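Below is target14.txt, holding compact mmCIF, C-alpha atoms and all ligand atoms.
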```txt
# COMPACT_ATOMS: atom_id res chain seq x y z
CA MET R 1 -129.53 13.55 -136.47
CA LYS R 2 -132.28 12.15 -138.65
CA SER R 3 -133.17 13.16 -142.16
CA SER R 4 -136.72 14.43 -142.49
CA SER R 5 -138.02 11.67 -144.74
CA LEU R 6 -138.35 7.93 -144.29
CA GLN R 7 -135.10 6.06 -144.99
CA SER R 8 -135.12 2.49 -146.29
CA SER R 9 -132.71 1.56 -143.50
CA ASP R 10 -135.10 2.82 -140.83
CA ILE R 11 -136.85 -0.46 -139.93
CA THR R 12 -138.70 1.07 -136.99
CA GLY R 13 -139.93 3.92 -139.21
CA ILE R 14 -141.10 1.40 -141.80
CA THR R 15 -143.08 -0.49 -139.14
CA PHE R 16 -144.74 2.81 -138.15
CA TRP R 17 -145.95 3.08 -141.75
CA LEU R 18 -146.95 -0.56 -142.04
CA ILE R 19 -148.99 -0.60 -138.87
CA SER R 20 -150.64 2.74 -139.72
CA MET R 21 -151.90 1.37 -143.02
CA ALA R 22 -152.89 -1.97 -141.53
CA LEU R 23 -154.86 -0.14 -138.83
CA LEU R 24 -156.65 1.93 -141.46
CA ALA R 25 -157.51 -1.14 -143.52
CA THR R 26 -158.81 -3.14 -140.56
CA THR R 27 -160.89 -0.20 -139.36
CA VAL R 28 -162.64 0.05 -142.72
CA PHE R 29 -163.02 -3.72 -142.78
CA PHE R 30 -164.60 -3.97 -139.31
CA PHE R 31 -167.12 -1.21 -139.96
CA ILE R 32 -168.19 -2.77 -143.26
CA GLU R 33 -168.32 -6.29 -141.88
CA ARG R 34 -170.19 -5.51 -138.67
CA ASN R 35 -173.53 -5.60 -140.49
CA SER R 36 -173.02 -9.10 -141.84
CA VAL R 37 -172.53 -10.77 -138.46
CA LYS R 38 -175.18 -11.95 -136.05
CA ALA R 39 -176.74 -9.02 -134.18
CA SER R 40 -175.45 -10.15 -130.77
CA TRP R 41 -171.84 -9.87 -132.01
CA ARG R 42 -172.10 -6.45 -133.64
CA THR R 43 -171.02 -4.49 -130.57
CA SER R 44 -167.82 -6.52 -130.38
CA VAL R 45 -166.97 -5.91 -134.04
CA THR R 46 -167.77 -2.19 -133.64
CA ILE R 47 -165.44 -1.96 -130.64
CA SER R 48 -162.70 -3.68 -132.64
CA GLY R 49 -163.13 -0.99 -135.30
CA LEU R 50 -162.98 1.79 -132.71
CA VAL R 51 -159.73 0.39 -131.31
CA THR R 52 -158.01 0.23 -134.68
CA GLY R 53 -159.49 3.59 -135.72
CA ILE R 54 -158.26 5.41 -132.62
CA ALA R 55 -154.86 3.76 -132.92
CA PHE R 56 -154.65 4.70 -136.60
CA VAL R 57 -154.93 8.40 -135.80
CA HIS R 58 -152.28 8.14 -133.08
CA TYR R 59 -149.98 6.24 -135.39
CA MET R 60 -150.27 8.99 -137.99
CA TYR R 61 -148.82 11.40 -135.43
CA MET R 62 -146.26 9.04 -133.93
CA ARG R 63 -145.03 8.11 -137.38
CA GLU R 64 -144.57 11.76 -138.33
CA VAL R 65 -142.67 12.54 -135.12
CA TRP R 66 -140.51 9.46 -135.57
CA VAL R 67 -139.63 10.15 -139.20
CA THR R 68 -138.81 13.82 -138.64
CA THR R 69 -137.05 13.63 -135.26
CA GLY R 70 -135.98 10.00 -134.79
CA THR R 71 -137.54 9.99 -131.34
CA SER R 72 -140.84 8.85 -129.98
CA GLN R 73 -143.28 10.62 -127.74
CA THR R 74 -144.47 8.28 -125.06
CA VAL R 75 -147.38 10.62 -124.35
CA PHE R 76 -149.04 9.60 -127.65
CA ARG R 77 -148.78 5.95 -126.68
CA TYR R 78 -150.38 6.62 -123.33
CA ILE R 79 -153.24 8.65 -124.79
CA ASP R 80 -153.80 5.83 -127.24
CA TRP R 81 -153.68 3.20 -124.48
CA LEU R 82 -156.02 5.18 -122.25
CA LEU R 83 -158.71 4.84 -124.92
CA THR R 84 -157.96 1.59 -126.68
CA VAL R 85 -156.88 -0.68 -123.82
CA PRO R 86 -160.12 -0.33 -121.80
CA LEU R 87 -162.02 -0.96 -125.06
CA LEU R 88 -159.97 -4.11 -125.66
CA MET R 89 -160.48 -5.35 -122.12
CA ILE R 90 -164.27 -4.87 -122.08
CA GLN R 91 -164.37 -7.10 -125.15
CA PHE R 92 -164.24 -10.05 -122.77
CA TYR R 93 -167.56 -8.89 -121.34
CA PHE R 94 -169.07 -8.44 -124.80
CA ILE R 95 -167.85 -11.85 -126.00
CA LEU R 96 -169.69 -13.41 -123.05
CA LEU R 97 -172.72 -11.17 -123.56
CA ALA R 98 -172.97 -12.20 -127.22
CA VAL R 99 -173.75 -15.76 -126.17
CA LYS R 100 -175.22 -15.56 -122.66
CA LYS R 101 -176.56 -13.30 -119.94
CA VAL R 102 -173.76 -12.11 -117.65
CA SER R 103 -173.55 -9.61 -114.81
CA SER R 104 -172.35 -6.07 -115.48
CA GLY R 105 -169.92 -6.46 -112.56
CA ILE R 106 -167.58 -8.13 -115.06
CA PHE R 107 -167.69 -5.04 -117.27
CA TRP R 108 -166.90 -2.67 -114.40
CA ARG R 109 -164.08 -4.75 -112.93
CA LEU R 110 -162.40 -5.04 -116.34
CA LEU R 111 -162.78 -1.32 -116.95
CA VAL R 112 -161.60 -0.13 -113.55
CA GLY R 113 -158.69 -2.62 -113.39
CA THR R 114 -157.49 -1.47 -116.80
CA LEU R 115 -157.66 2.20 -115.84
CA ILE R 116 -155.68 1.55 -112.64
CA MET R 117 -153.02 -0.24 -114.71
CA LEU R 118 -152.73 2.64 -117.18
CA ILE R 119 -152.96 5.54 -114.76
CA GLY R 120 -150.34 3.93 -112.49
CA GLY R 121 -148.03 3.48 -115.46
CA TYR R 122 -148.61 7.00 -116.70
CA LEU R 123 -147.96 8.64 -113.33
CA GLY R 124 -144.71 6.68 -113.06
CA GLU R 125 -143.68 7.46 -116.61
CA ALA R 126 -144.42 11.18 -116.12
CA GLU R 127 -142.54 11.07 -112.80
CA ASN R 128 -145.51 12.29 -110.78
CA ILE R 129 -144.81 9.27 -108.60
CA SER R 130 -141.68 7.12 -108.50
CA VAL R 131 -141.02 4.79 -111.43
CA ASN R 132 -141.25 1.80 -109.10
CA ALA R 133 -144.53 2.90 -107.53
CA GLY R 134 -145.99 3.40 -111.03
CA PHE R 135 -144.82 -0.06 -111.97
CA ILE R 136 -146.32 -1.69 -108.89
CA ILE R 137 -149.70 0.03 -109.34
CA GLY R 138 -149.66 -0.84 -113.05
CA MET R 139 -148.83 -4.48 -112.35
CA ALA R 140 -151.52 -4.68 -109.67
CA GLY R 141 -154.13 -3.45 -112.18
CA TRP R 142 -152.94 -5.95 -114.78
CA ILE R 143 -152.94 -8.88 -112.35
CA PHE R 144 -156.45 -7.88 -111.25
CA ILE R 145 -157.83 -8.02 -114.80
CA LEU R 146 -155.92 -11.21 -115.61
CA TYR R 147 -157.43 -12.78 -112.50
CA GLU R 148 -160.87 -11.71 -113.68
CA VAL R 149 -160.52 -13.41 -117.08
CA PHE R 150 -158.74 -16.51 -115.80
CA ALA R 151 -160.33 -17.28 -112.44
CA GLY R 152 -162.80 -14.51 -111.60
CA GLU R 153 -166.43 -14.30 -112.65
CA ALA R 154 -165.54 -13.76 -116.33
CA GLY R 155 -163.25 -16.80 -116.31
CA LYS R 156 -165.91 -18.95 -114.65
CA GLU R 157 -168.57 -17.89 -117.15
CA ALA R 158 -166.17 -18.57 -120.02
CA ALA R 159 -165.45 -22.05 -118.70
CA LYS R 160 -169.12 -22.92 -119.25
CA LEU R 161 -169.02 -21.89 -122.92
CA THR R 162 -168.56 -24.27 -125.83
CA GLY R 163 -167.46 -23.95 -129.45
CA ALA R 164 -166.29 -20.85 -131.26
CA ALA R 165 -167.15 -18.36 -128.49
CA LYS R 166 -165.09 -20.32 -125.98
CA ASP R 167 -162.12 -20.55 -128.38
CA CYS R 168 -162.37 -16.82 -128.98
CA PHE R 169 -162.38 -15.99 -125.27
CA GLU R 170 -159.43 -18.35 -124.69
CA PHE R 171 -157.39 -16.89 -127.54
CA CYS R 172 -158.01 -13.31 -126.42
CA LYS R 173 -157.13 -14.29 -122.85
CA TRP R 174 -153.67 -15.39 -123.98
CA ILE R 175 -153.19 -12.24 -126.04
CA VAL R 176 -153.69 -10.08 -122.94
CA THR R 177 -151.28 -12.30 -121.02
CA ILE R 178 -148.45 -13.01 -123.47
CA GLY R 179 -149.00 -10.28 -126.05
CA TRP R 180 -149.26 -7.61 -123.36
CA LEU R 181 -146.08 -8.68 -121.60
CA VAL R 182 -144.02 -6.40 -123.82
CA TYR R 183 -145.52 -3.23 -122.32
CA PRO R 184 -144.39 -3.69 -118.70
CA LEU R 185 -141.02 -4.87 -120.04
CA GLY R 186 -140.86 -1.75 -122.19
CA TYR R 187 -141.69 0.34 -119.12
CA LEU R 188 -138.76 -1.16 -117.23
CA PHE R 189 -136.11 -1.38 -119.94
CA GLY R 190 -137.46 0.73 -122.80
CA SER R 191 -135.71 4.01 -122.20
CA ALA R 192 -132.39 2.27 -122.93
CA ASN R 193 -133.12 1.95 -126.63
CA GLU R 194 -135.89 3.85 -128.37
CA VAL R 195 -135.35 2.20 -131.76
CA THR R 196 -135.92 -1.29 -130.37
CA LEU R 197 -138.68 -0.17 -127.99
CA ASN R 198 -140.75 1.34 -130.78
CA LEU R 199 -140.14 -1.59 -133.08
CA VAL R 200 -141.34 -3.99 -130.40
CA TYR R 201 -144.35 -1.80 -129.47
CA ASN R 202 -145.34 -1.51 -133.13
CA LEU R 203 -145.20 -5.25 -133.72
CA ALA R 204 -146.99 -5.91 -130.43
CA ASP R 205 -149.79 -3.52 -131.39
CA PHE R 206 -150.26 -5.54 -134.56
CA ILE R 207 -151.05 -8.60 -132.47
CA ASN R 208 -152.82 -6.87 -129.61
CA LYS R 209 -155.05 -4.57 -131.63
CA ILE R 210 -155.40 -5.99 -135.15
CA LEU R 211 -155.16 -9.73 -134.53
CA PHE R 212 -157.31 -9.43 -131.39
CA GLY R 213 -160.04 -7.71 -133.42
CA LEU R 214 -159.74 -10.16 -136.31
CA VAL R 215 -160.18 -13.16 -134.02
CA ILE R 216 -163.39 -11.62 -132.65
CA TRP R 217 -164.64 -10.78 -136.15
CA LYS R 218 -163.83 -14.30 -137.39
CA THR R 219 -165.72 -15.84 -134.49
CA ALA R 220 -168.69 -13.56 -135.09
CA ALA R 221 -168.65 -14.33 -138.81
CA SER R 222 -168.46 -18.08 -138.23
CA LEU R 223 -171.66 -18.06 -136.18
CA ALA R 224 -174.72 -17.82 -138.39
CA PRO R 225 -174.28 -14.69 -140.53
CA ALA R 226 -177.14 -12.20 -140.60
CA GLY R 227 -179.95 -13.07 -142.95
CA SER R 228 -178.73 -16.63 -143.55
CA LYS R 229 -181.69 -18.33 -141.99
C1 LIG Y 1 -152.91 -1.42 -127.98
C2 LIG Y 1 -152.16 -1.16 -126.81
C3 LIG Y 1 -152.07 -2.03 -125.75
C4 LIG Y 1 -152.74 -3.36 -125.77
C5 LIG Y 1 -151.33 -1.58 -124.59
C6 LIG Y 1 -151.24 -2.24 -123.43
C7 LIG Y 1 -150.50 -1.72 -122.34
C8 LIG Y 1 -150.25 -2.38 -121.16
C9 LIG Y 1 -150.76 -3.75 -120.92
C10 LIG Y 1 -149.44 -1.71 -120.16
C11 LIG Y 1 -149.14 -2.24 -118.95
C12 LIG Y 1 -148.31 -1.66 -117.87
C13 LIG Y 1 -148.04 -2.50 -116.78
C14 LIG Y 1 -148.62 -3.87 -116.65
C15 LIG Y 1 -147.15 -2.09 -115.65
C16 LIG Y 1 -146.33 -0.88 -115.95
C17 LIG Y 1 -147.12 0.18 -116.61
C18 LIG Y 1 -147.76 -0.25 -117.93
C19 LIG Y 1 -148.86 0.76 -118.15
C20 LIG Y 1 -146.71 -0.12 -119.04
```

Could the structure of this file be written out as structure tokens, please?
Amino acid sequence: MKSSSLQSSDITGITFWLISMALLATTVFFFIERNSVKASWRTSVTISGLVTGIAFVHYMYMREVWVTTGTSQTVFRYIDWLLTVPLLMIQFYFILLAVKKVSSGIFWRLLVGTLIMLIGGYLGEAENISVNAGFIIGMAGWIFILYEVFAGEAGKEAAKLTGAAKDCFEFCKWIVTIGWLVYPLGYLFGSANEVTLNLVYNLADFINKILFGLVIWKTAASLAPAGSK
């Protein structure tokens, strides 16, 4: 049984606090900074702020539940993912759009693929369908969006880029490949140990939400700031 306040030995609880505050700080930062980047990058920086803002509110709840009960509620994670993960994935479209004209098919494929991944996972997690079926649907959605950014139309458009925008697209591409790996692994093995699962999810969210947004902001800021010419 847990005590109802945060203990200094509760590493997972401490990471809930750390990430909550980091999410708050980056949200404020992105919304202030969006006006000092080139106009074509503003949407991307705004989306980064929405992702961290939405996650901040969910973390406030998850943190409270964790500290008072010592358990986690997967449902909060899924509600958070349902909103933030599509927003993260459409960033690939907006990175391309900031520097060139691209077809909206990219946007829709990224959005729909992400939703299939999440809905499959949720139905499996909630036992509306079998755990394995949920996993297979979820993986299919993920592979579909990875294909899009590596070898599909988005990947082909990105290959033609140069400089900071290309580096940004590349970096984000590896985040959604390597950084996102923890979630399907958590789906398969997570229920065995909630303390580790939440610790890993919290650290992963730091990379996948905060670092992802910062890389986009940094790219935007490095390309001719507003009013500088
Ligand atoms: C900020 C939160 C993020 C980036 C969450 C990402 C979640 C995923 C990439 C989840 C993926 C899943 C699969 C690939 C298969 C099994 C079901 C999921 C939903 C756990």

Ref. answer, residues at most 12 Å from (-143.0, 1.3, -133.7) with all atoms listed in the file, as a PyMOL selection string: chain R and resi 10-20+58-67+70-74+76-77+194-206

With C-alpha atoms kept, could you save the residues just selected as a compact mmCIF listing (two decimals), in the frame of the given file?
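File produced: again04.txt:
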```txt
# COMPACT_ATOMS: atom_id res chain seq x y z
CA ASP R 10 -135.10 2.82 -140.83
CA ILE R 11 -136.85 -0.46 -139.93
CA THR R 12 -138.70 1.07 -136.99
CA GLY R 13 -139.93 3.92 -139.21
CA ILE R 14 -141.10 1.40 -141.80
CA THR R 15 -143.08 -0.49 -139.14
CA PHE R 16 -144.74 2.81 -138.15
CA TRP R 17 -145.95 3.08 -141.75
CA LEU R 18 -146.95 -0.56 -142.04
CA ILE R 19 -148.99 -0.60 -138.87
CA SER R 20 -150.64 2.74 -139.72
CA HIS R 58 -152.28 8.14 -133.08
CA TYR R 59 -149.98 6.24 -135.39
CA MET R 60 -150.27 8.99 -137.99
CA TYR R 61 -148.82 11.40 -135.43
CA MET R 62 -146.26 9.04 -133.93
CA ARG R 63 -145.03 8.11 -137.38
CA GLU R 64 -144.57 11.76 -138.33
CA VAL R 65 -142.67 12.54 -135.12
CA TRP R 66 -140.51 9.46 -135.57
CA VAL R 67 -139.63 10.15 -139.20
CA GLY R 70 -135.98 10.00 -134.79
CA THR R 71 -137.54 9.99 -131.34
CA SER R 72 -140.84 8.85 -129.98
CA GLN R 73 -143.28 10.62 -127.74
CA THR R 74 -144.47 8.28 -125.06
CA PHE R 76 -149.04 9.60 -127.65
CA ARG R 77 -148.78 5.95 -126.68
CA GLU R 194 -135.89 3.85 -128.37
CA VAL R 195 -135.35 2.20 -131.76
CA THR R 196 -135.92 -1.29 -130.37
CA LEU R 197 -138.68 -0.17 -127.99
CA ASN R 198 -140.75 1.34 -130.78
CA LEU R 199 -140.14 -1.59 -133.08
CA VAL R 200 -141.34 -3.99 -130.40
CA TYR R 201 -144.35 -1.80 -129.47
CA ASN R 202 -145.34 -1.51 -133.13
CA LEU R 203 -145.20 -5.25 -133.72
CA ALA R 204 -146.99 -5.91 -130.43
CA ASP R 205 -149.79 -3.52 -131.39
CA PHE R 206 -150.26 -5.54 -134.56
```

Environment of ligand LIG 1 (chain Y) within 8 Å, counting all atoms listed in the file, reported as a ChimeraX atom specification: /R:51,55,77-78,80-81,84-85,88,117-122,124,134-143,176,179-188,204-205,208-209

Residue nearest Tyr147 (chain R) among R:Lys173, R:Ala133, R:Ala192, R:Lys160 (counting only C-alpha atoms):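 Closest to Tyr147 (chain R), using only C-alpha atoms: R:Lys173.
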
From R:Val215, R:Ile47, R:Cys172, R:Val57, residue lying nearest Leu24 (chain R) [all atoms listed in the file]: R:Val57

Kindly compute an axis-aligned box around the listed atoms of region 65-73 of chain R, allowing 5 Å on each side, and express its centre and edge lengths in Å to one decimal as lines of an AutoDock Vina configuration file.
```
center_x = -139.6
center_y = 11.3
center_z = -133.5
size_x = 17.3
size_y = 15.0
size_z = 21.5
```

Atomic distance CA of Trp41 (chain R) - CA of Trp108 (chain R), expressed in Å with one decimal: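 Computing the Euclidean distance for CA of Trp41 (chain R) and CA of Trp108 (chain R) yields 19.7 Å.
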
Surrounding residues of Ala98 (chain R) excluding itself and chain neighbours under 6 positions, 9 Å, only C-alpha atoms, as a list in words: Ala39, Ser40, Trp41, Arg42, Thr43, Ser44 and Ala165 of chain R

For those residues, write C-alpha atoms to a file as a short mmCIF file (atom, residue, chain, number, x, y, z; two decimals), in the frame of the given file.
```cif
data_model
loop_
_atom_site.label_atom_id
_atom_site.label_comp_id
_atom_site.auth_asym_id
_atom_site.auth_seq_id
_atom_site.Cartn_x
_atom_site.Cartn_y
_atom_site.Cartn_z
CA ALA R 39 -176.74 -9.02 -134.18
CA SER R 40 -175.45 -10.15 -130.77
CA TRP R 41 -171.84 -9.87 -132.01
CA ARG R 42 -172.10 -6.45 -133.64
CA THR R 43 -171.02 -4.49 -130.57
CA SER R 44 -167.82 -6.52 -130.38
CA ALA R 165 -167.15 -18.36 -128.49
#
```

Between CA of Ile129 (chain R) and CA of Ser191 (chain R), distance in Å (one decimal):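 Going from CA of Ile129 (chain R) over to CA of Ser191 (chain R) covers 17.2 Å.
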
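Candidate residues R:Ile32, R:Leu111, R:Ile106, R:Leu96 were compared for distance to Glu153 (chain R), and the nearest is R:Ile106, using all atoms listed in the file.
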